[in-house]
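Have a look at the structure below, then the notes.
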2 protein chains.
Amino acid sequence: MSGWQEIRDDLRRRIAAREWPPGATIPGEETLAADYAAARATVNRALRELAVAGLVERRRKAGTRVTQGAPRRAVLSIPVLRAEVEAAGKAHSFHILALREGVPPEAVRARLGANTPGRMFAIDTLHRADGAAFALERRWLNPAAVPGPMPDLTRVTVNEWLLSTLPYAEGEIVFSAEAAGPEEARHLGCATGAALFCVERVTRTGAVPVTWVRLFHAPGYRLASPL
Amino acid sequence: MSGWQEIRDDLRRRIAAREWPPGATIPGEETLAADYAAARATVNRALRELAVAGLVERRRKAGTRVTQGAPRRAVLSIPVLRAEVEAAGKAHSFHILALREGVPPEAVRARLGANTPGRMFAIDTLHRADGAAFALERRWLNPAAVPGPMPDLTRVTVNEWLLSTLPYAEGEIVFSAEAAGPEEARHLGCATGAALFCVERVTRTGAVPVTWVRLFHAPGYRLASPL
DNA sequence: TGGCCTATTATGTATATACATAATTGCCGC
DNA sequence: GCGGCAATTATGTATATACATAATAGGCCA
């Protein structure tokens, strides 16, 4: 047993077997390396993976301990809309419903943080898959955060433009279920109050807010991920 | 510039700057290591991270190439219900609504795959946060997949029991928005048709299906994650 | 031309070593 | 006992080297 995957799996097994109960500190890398007759770097790799998976927590000097009420982590693929639609074998098209400048509502300002400018662009876009409404995108964009001129937004989605010009934005993503309002219902072709899967993203580059966007997916949408 | 994070960031920047357009093969590890005056292992680490983030795809001999329609990946924490409720400073309690043996519906059988047994346990549980309905859990469980006797289910949730006995099941997780049916509405104290955030999990150990579970969260629930 | 085999090559992993860094522990002076 | 400084220690990272593995590319032979 020497590969880091084997070591990782064995450590998983031993943790599961309560050899080290939740909260307990497991042996140090040197010790484990000796036990498994492997190099410390190999054990390190195994432990690092377990830490990423949320099974253990590691702190310098304090050592590695089994997580208590382990929140499991899953790596979710957040597809780019166009790619997602095309992956389903359908044709992606989109249509700008509205583009205006204005003052973002307080809820949006709060989510974007302190440096939110007074005026931003509001852009509403309807995305279609083979002509059928797929998702309604409602976005507020900070023009000061984007260098260069705005491209032809009838050809490139705002998201794709941002990804290509500011690819390292940090931020947060929030998933929720929302009842369709009159606008959502009209554009997505569903009843008012229908359950819509909603993805909200907030992005910043450093302290500069870039964009706040909410995607309402048409009823029936599912976001799946291996666990 | 020698740390793997700096190298990773610089590679990200160069990819974003279209130095290597999507689909293009980027230089090999040896070359990059020379460029950055770093060891190959360091560059390897940087590239590995970019691959995990979905920005590049790597194949032996073929090299590393920039992903085409890059679906972004985010690591989501899927909290254990009890931990999630307690993290919000509330008291978690739960109540078994029903526990019976029966034949799972075809939809569930299909999701669990070929080896689904004819009869499984159906367990419905209501989770509360400070007494308020928090989530309704509807589960089908394969008793043959779990070693040992069933514990006292009034003290331990099924999920926690499974996590402790079979902690390394594989599976899939699906997020969606669902309209509350009469049962969901009754237990969660919302109107029929209300938009509920729904998490469905299917787990297997190898080819043996373990459990199918669907969690309907009370209205207003949000699942957030750093991006 | 077409199919198979092999050489080449880029990534994947393992190892020993060294130094960096964070955090705890414990000592010291007060 | 308490505050703060310093020693200790476990993890984090970097490096050179070596070998493993997968997959392409090219050559050989029918």
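Here's how to read the names in the structure tokens: chain A, B, ... by the order shown, residue numbers from 1 in each chain, ligand numbers from 1 in the order shown.
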
_Can you work out which residues from chain A touch chain D at a cut-off of 6 Å (counting only C-alpha atoms (C1' of nucleotides)) and hand them back as a VMD selection string?_
chain A and resid 60 to 61 63

Save out the residues we just selected, C-alpha atoms, as a short mmCIF file (atom, residue, chain, number, x, y, z; two decimals), in the first residue's frame.
```cif
data_model
loop_
_atom_site.label_atom_id
_atom_site.label_comp_id
_atom_site.auth_asym_id
_atom_site.auth_seq_id
_atom_site.Cartn_x
_atom_site.Cartn_y
_atom_site.Cartn_z
CA ARG A 60 -0.63 23.66 11.46
CA LYS A 61 0.82 22.52 14.68
CA GLY A 63 -2.60 18.47 13.56
#
```

### Query
How would you write, as number ranges by chain, the set of residues in range 40-221 of chain B that DSSP gives as strand (DSSP E or B)?
B: 56-59, 63-66, 72-78, 92-102, 120-129, 132-141, 170-179, 195-205, 208-217

Dump as a PDB file, in the first residue's frame, selection limited to C-alpha atoms:
```pdb
ATOM      1  CA  VAL B  56      -8.168  23.041 -18.625  1.00  0.00           C
ATOM      2  CA  GLU B  57      -8.303  19.382 -19.529  1.00  0.00           C
ATOM      3  CA  ARG B  58      -5.270  17.181 -19.171  1.00  0.00           C
ATOM      4  CA  ARG B  59      -4.441  13.913 -20.857  1.00  0.00           C
ATOM      5  CA  GLY B  63      -0.894  17.520 -23.038  1.00  0.00           C
ATOM      6  CA  THR B  64      -2.990  20.199 -21.395  1.00  0.00           C
ATOM      7  CA  ARG B  65      -5.548  22.131 -23.348  1.00  0.00           C
ATOM      8  CA  VAL B  66      -7.874  24.974 -22.549  1.00  0.00           C
ATOM      9  CA  ARG B  72     -17.279  26.556 -14.101  1.00  0.00           C
ATOM     10  CA  ARG B  73     -17.034  24.374 -11.059  1.00  0.00           C
ATOM     11  CA  ALA B  74     -17.801  25.374  -7.531  1.00  0.00           C
ATOM     12  CA  VAL B  75     -17.258  23.329  -4.432  1.00  0.00           C
ATOM     13  CA  LEU B  76     -20.541  23.234  -2.597  1.00  0.00           C
ATOM     14  CA  SER B  77     -20.824  22.316   1.021  1.00  0.00           C
ATOM     15  CA  ILE B  78     -23.770  20.027   1.481  1.00  0.00           C
ATOM     16  CA  HIS B  92     -32.547  20.723  15.688  1.00  0.00           C
ATOM     17  CA  SER B  93     -35.268  18.186  16.324  1.00  0.00           C
ATOM     18  CA  PHE B  94     -36.954  15.673  14.095  1.00  0.00           C
ATOM     19  CA  HIS B  95     -39.889  13.392  14.037  1.00  0.00           C
ATOM     20  CA  ILE B  96     -40.448  10.174  12.123  1.00  0.00           C
ATOM     21  CA  LEU B  97     -43.725  10.581  10.301  1.00  0.00           C
ATOM     22  CA  ALA B  98     -43.853   7.114   8.798  1.00  0.00           C
ATOM     23  CA  LEU B  99     -41.747   3.989   8.628  1.00  0.00           C
ATOM     24  CA  ARG B 100     -42.947   1.085   6.570  1.00  0.00           C
ATOM     25  CA  GLU B 101     -41.768  -1.591   4.211  1.00  0.00           C
ATOM     26  CA  GLY B 102     -42.994  -1.595   0.658  1.00  0.00           C
ATOM     27  CA  MET B 120     -37.332  -1.394   0.677  1.00  0.00           C
ATOM     28  CA  PHE B 121     -38.021   0.729   3.726  1.00  0.00           C
ATOM     29  CA  ALA B 122     -39.848   3.994   3.280  1.00  0.00           C
ATOM     30  CA  ILE B 123     -39.037   6.564   5.948  1.00  0.00           C
ATOM     31  CA  ASP B 124     -40.526  10.030   6.129  1.00  0.00           C
ATOM     32  CA  THR B 125     -39.031  12.465   8.560  1.00  0.00           C
ATOM     33  CA  LEU B 126     -39.840  16.037   9.461  1.00  0.00           C
ATOM     34  CA  HIS B 127     -36.923  18.182  10.577  1.00  0.00           C
ATOM     35  CA  ARG B 128     -37.465  21.228  12.707  1.00  0.00           C
ATOM     36  CA  ALA B 129     -35.371  24.244  13.633  1.00  0.00           C
ATOM     37  CA  ALA B 132     -40.460  25.381  13.126  1.00  0.00           C
ATOM     38  CA  ALA B 133     -40.686  22.993  10.195  1.00  0.00           C
ATOM     39  CA  PHE B 134     -37.424  23.129   8.326  1.00  0.00           C
ATOM     40  CA  ALA B 135     -37.415  20.277   5.856  1.00  0.00           C
ATOM     41  CA  LEU B 136     -39.419  17.216   4.938  1.00  0.00           C
ATOM     42  CA  GLU B 137     -37.338  14.151   4.177  1.00  0.00           C
ATOM     43  CA  ARG B 138     -38.752  11.307   2.099  1.00  0.00           C
ATOM     44  CA  ARG B 139     -36.495   8.326   1.911  1.00  0.00           C
ATOM     45  CA  TRP B 140     -36.323   4.832   0.489  1.00  0.00           C
ATOM     46  CA  LEU B 141     -33.690   2.663   2.088  1.00  0.00           C
ATOM     47  CA  GLU B 170     -20.943   7.273  -4.085  1.00  0.00           C
ATOM     48  CA  GLY B 171     -23.936   8.773  -5.708  1.00  0.00           C
ATOM     49  CA  GLU B 172     -25.514  11.779  -7.239  1.00  0.00           C
ATOM     50  CA  ILE B 173     -27.168  14.900  -5.954  1.00  0.00           C
ATOM     51  CA  VAL B 174     -29.824  16.843  -7.807  1.00  0.00           C
ATOM     52  CA  PHE B 175     -31.184  20.262  -6.946  1.00  0.00           C
ATOM     53  CA  SER B 176     -34.505  21.446  -8.210  1.00  0.00           C
ATOM     54  CA  ALA B 177     -37.494  23.602  -7.421  1.00  0.00           C
ATOM     55  CA  GLU B 178     -40.745  21.773  -6.808  1.00  0.00           C
ATOM     56  CA  ALA B 179     -44.267  22.864  -6.121  1.00  0.00           C
ATOM     57  CA  ALA B 195     -41.991  26.851  -4.386  1.00  0.00           C
ATOM     58  CA  LEU B 196     -39.812  24.455  -2.404  1.00  0.00           C
ATOM     59  CA  PHE B 197     -36.107  23.949  -2.758  1.00  0.00           C
ATOM     60  CA  CYS B 198     -35.588  20.242  -3.226  1.00  0.00           C
ATOM     61  CA  VAL B 199     -32.435  18.208  -2.823  1.00  0.00           C
ATOM     62  CA  GLU B 200     -32.484  14.663  -4.118  1.00  0.00           C
ATOM     63  CA  ARG B 201     -29.674  12.274  -3.320  1.00  0.00           C
ATOM     64  CA  VAL B 202     -29.052   8.801  -4.629  1.00  0.00           C
ATOM     65  CA  THR B 203     -26.298   6.774  -3.004  1.00  0.00           C
ATOM     66  CA  ARG B 204     -24.715   3.447  -3.792  1.00  0.00           C
ATOM     67  CA  THR B 205     -21.826   1.461  -2.446  1.00  0.00           C
ATOM     68  CA  VAL B 208     -25.528  -1.902  -4.356  1.00  0.00           C
ATOM     69  CA  PRO B 209     -28.109   0.854  -4.073  1.00  0.00           C
ATOM     70  CA  VAL B 210     -28.290   2.214  -0.557  1.00  0.00           C
ATOM     71  CA  THR B 211     -30.820   4.968  -0.423  1.00  0.00           C
ATOM     72  CA  TRP B 212     -32.855   7.443  -2.363  1.00  0.00           C
ATOM     73  CA  VAL B 213     -33.822  10.553  -0.501  1.00  0.00           C
ATOM     74  CA  ARG B 214     -35.586  13.753  -1.284  1.00  0.00           C
ATOM     75  CA  LEU B 215     -35.469  16.763   1.001  1.00  0.00           C
ATOM     76  CA  PHE B 216     -38.121  19.428   0.614  1.00  0.00           C
ATOM     77  CA  HIS B 217     -36.980  22.566   2.337  1.00  0.00           C
TER      78      HIS B 217
END
```

I need the helix (DSSP H, G or I) residues of range 55-225 of chain B per DSSP on the backbone, written as a PyMOL selection string. chain B and resi 81-87+106-112+143-145+158-165+182-188

| request: Find the spatial neighbours of range 7-20 of chain B, counting only C-alpha atoms (C1' of nucleotides), within a cut-off of 12 Å - ignore same-chain residues fewer than 3 positions away - and output them as number ranges by chain. | output: A: 160-169; B: 1-4, 23-27, 29, 32-33, 35-56, 64-68, 70

May I have the residues from that selection written out with C-alpha atoms, as a JSON list (two decimals), in the first residue's frame?
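In the end it all went to part-v4.json:
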```
[["chain", "number", "residue", "atom", "x", "y", "z"],
["A", 160, "GLU", "CA", -19.56, 35.34, -21.71],
["A", 161, "TRP", "CA", -18.28, 38.85, -22.14],
["A", 162, "LEU", "CA", -17.56, 39.15, -18.43],
["A", 163, "LEU", "CA", -15.92, 35.74, -18.28],
["A", 164, "SER", "CA", -13.60, 36.74, -21.07],
["A", 165, "THR", "CA", -12.66, 40.15, -19.72],
["A", 166, "LEU", "CA", -12.73, 39.56, -15.96],
["A", 167, "PRO", "CA", -12.24, 35.88, -15.49],
["A", 168, "TYR", "CA", -11.04, 35.94, -11.90],
["A", 169, "ALA", "CA", -13.90, 37.51, -10.14],
["B", 1, "MET", "CA", 7.07, 33.97, -9.00],
["B", 2, "SER", "CA", 7.46, 30.47, -7.67],
["B", 3, "GLY", "CA", 4.52, 29.45, -5.52],
["B", 4, "TRP", "CA", 2.04, 27.12, -7.19],
["B", 23, "GLY", "CA", -9.13, 24.30, -27.44],
["B", 24, "ALA", "CA", -5.47, 25.21, -27.74],
["B", 25, "THR", "CA", -2.77, 23.13, -26.12],
["B", 26, "ILE", "CA", -0.69, 25.02, -23.60],
["B", 27, "PRO", "CA", 3.04, 24.35, -23.11],
["B", 29, "GLU", "CA", 5.04, 21.13, -17.64],
["B", 32, "LEU", "CA", 6.40, 26.06, -18.05],
["B", 33, "ALA", "CA", 8.65, 25.02, -15.19],
["B", 35, "ASP", "CA", 9.61, 29.68, -17.83],
["B", 36, "TYR", "CA", 8.58, 30.18, -14.24],
["B", 37, "ALA", "CA", 11.92, 29.00, -12.87],
["B", 38, "ALA", "CA", 10.11, 26.43, -10.76],
["B", 39, "ALA", "CA", 10.16, 22.69, -10.38],
["B", 40, "ARG", "CA", 7.90, 20.60, -12.56],
["B", 41, "ALA", "CA", 6.04, 19.38, -9.47],
["B", 42, "THR", "CA", 5.10, 22.97, -8.68],
["B", 43, "VAL", "CA", 3.76, 23.60, -12.16],
["B", 44, "ASN", "CA", 2.00, 20.26, -11.97],
["B", 45, "ARG", "CA", 0.22, 21.33, -8.83],
["B", 46, "ALA", "CA", -0.89, 24.58, -10.46],
["B", 47, "LEU", "CA", -2.16, 22.81, -13.56],
["B", 48, "ARG", "CA", -3.89, 20.16, -11.50],
["B", 49, "GLU", "CA", -5.84, 22.87, -9.70],
["B", 50, "LEU", "CA", -6.84, 24.48, -12.97],
["B", 51, "ALA", "CA", -8.03, 21.09, -14.17],
["B", 52, "VAL", "CA", -10.11, 20.61, -11.02],
["B", 53, "ALA", "CA", -11.57, 24.08, -11.58],
["B", 54, "GLY", "CA", -12.53, 22.95, -15.07],
["B", 55, "LEU", "CA", -10.44, 25.51, -16.87],
["B", 56, "VAL", "CA", -8.17, 23.04, -18.62],
["B", 64, "THR", "CA", -2.99, 20.20, -21.40],
["B", 65, "ARG", "CA", -5.55, 22.13, -23.35],
["B", 66, "VAL", "CA", -7.87, 24.97, -22.55],
["B", 67, "THR", "CA", -11.43, 23.75, -22.05],
["B", 68, "GLN", "CA", -13.82, 24.81, -24.78],
["B", 70, "ALA", "CA", -15.82, 25.71, -19.81]]
```

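In this structure, the chain C residues at most 9 Å away from chain A are DT13, DA14, DT15, DA16, DT21, DA22, DA23 and DT24 of chain C, with only C-alpha atoms (C1' of nucleotides) considered.
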
Selected residues written out, N, CA and C atoms (P, O5', C5', C4', C3', O3' and C1' of nucleotides), as an mmCIF file, in the first residue's frame:
```cif
data_model
loop_
_atom_site.group_PDB
_atom_site.id
_atom_site.type_symbol
_atom_site.label_atom_id
_atom_site.label_comp_id
_atom_site.auth_asym_id
_atom_site.auth_seq_id
_atom_site.Cartn_x
_atom_site.Cartn_y
_atom_site.Cartn_z
ATOM 1 P P DT C 13 -2.060 10.934 -10.008
ATOM 2 O "O5'" DT C 13 -0.746 10.297 -9.351
ATOM 3 C "C5'" DT C 13 -0.438 8.949 -9.622
ATOM 4 C "C4'" DT C 13 0.921 8.625 -9.070
ATOM 5 C "C3'" DT C 13 1.112 8.972 -7.589
ATOM 6 O "O3'" DT C 13 1.308 7.759 -6.902
ATOM 7 C "C1'" DT C 13 2.998 9.560 -8.903
ATOM 8 P P DA C 14 1.453 7.795 -5.327
ATOM 9 O "O5'" DA C 14 3.030 7.688 -5.139
ATOM 10 C "C5'" DA C 14 3.699 6.543 -5.599
ATOM 11 C "C4'" DA C 14 5.162 6.669 -5.250
ATOM 12 C "C3'" DA C 14 5.432 7.094 -3.811
ATOM 13 O "O3'" DA C 14 6.349 6.176 -3.235
ATOM 14 C "C1'" DA C 14 6.607 8.484 -5.330
ATOM 15 P P DT C 15 6.703 6.367 -1.710
ATOM 16 O "O5'" DT C 15 8.047 7.190 -1.748
ATOM 17 C "C5'" DT C 15 9.137 6.696 -2.533
ATOM 18 C "C4'" DT C 15 10.315 7.644 -2.401
ATOM 19 C "C3'" DT C 15 10.459 8.240 -1.004
ATOM 20 O "O3'" DT C 15 11.635 7.742 -0.394
ATOM 21 C "C1'" DT C 15 10.668 9.895 -2.708
ATOM 22 P P DA C 16 11.879 8.070 1.154
ATOM 23 O "O5'" DA C 16 13.036 9.171 1.081
ATOM 24 C "C5'" DA C 16 14.087 9.036 0.131
ATOM 25 C "C4'" DA C 16 14.967 10.283 0.179
ATOM 26 C "C3'" DA C 16 15.191 10.850 1.581
ATOM 27 O "O3'" DA C 16 16.542 11.284 1.696
ATOM 28 C "C1'" DA C 16 14.119 12.477 0.227
ATOM 29 P P DT C 21 7.392 32.191 5.032
ATOM 30 O "O5'" DT C 21 6.285 31.449 5.898
ATOM 31 C "C5'" DT C 21 5.302 30.676 5.237
ATOM 32 C "C4'" DT C 21 4.294 30.177 6.244
ATOM 33 C "C3'" DT C 21 3.936 31.190 7.331
ATOM 34 O "O3'" DT C 21 2.543 31.095 7.546
ATOM 35 C "C1'" DT C 21 4.629 29.200 8.328
ATOM 36 P P DA C 22 1.747 32.328 8.122
ATOM 37 O "O5'" DA C 22 0.741 31.573 9.109
ATOM 38 C "C5'" DA C 22 0.128 30.369 8.654
ATOM 39 C "C4'" DA C 22 -0.129 29.469 9.830
ATOM 40 C "C3'" DA C 22 -0.748 30.163 11.038
ATOM 41 O "O3'" DA C 22 -1.738 29.309 11.536
ATOM 42 C "C1'" DA C 22 1.216 29.033 11.693
ATOM 43 P P DA C 23 -3.016 29.897 12.215
ATOM 44 O "O5'" DA C 23 -2.966 29.048 13.563
ATOM 45 C "C5'" DA C 23 -2.239 27.867 13.501
ATOM 46 C "C4'" DA C 23 -1.940 27.302 14.838
ATOM 47 C "C3'" DA C 23 -2.485 28.030 16.057
ATOM 48 O "O3'" DA C 23 -2.848 27.045 16.981
ATOM 49 C "C1'" DA C 23 -0.156 27.882 16.214
ATOM 50 P P DT C 24 -3.869 27.321 18.136
ATOM 51 O "O5'" DT C 24 -3.364 26.298 19.258
ATOM 52 C "C5'" DT C 24 -2.822 25.052 18.843
ATOM 53 C "C4'" DT C 24 -1.560 24.718 19.616
ATOM 54 C "C3'" DT C 24 -1.694 24.846 21.142
ATOM 55 O "O3'" DT C 24 -1.265 23.625 21.704
ATOM 56 C "C1'" DT C 24 0.282 25.868 20.384
#
```

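For the pair CA of Glu30 in chain B and C1' of DC19 in chain C, the interatomic distance is 23.5 Å.
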
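In this model, the gap between CA of Pro226 in chain B and CA of Gly113 in chain A comes to 15.0 Å.
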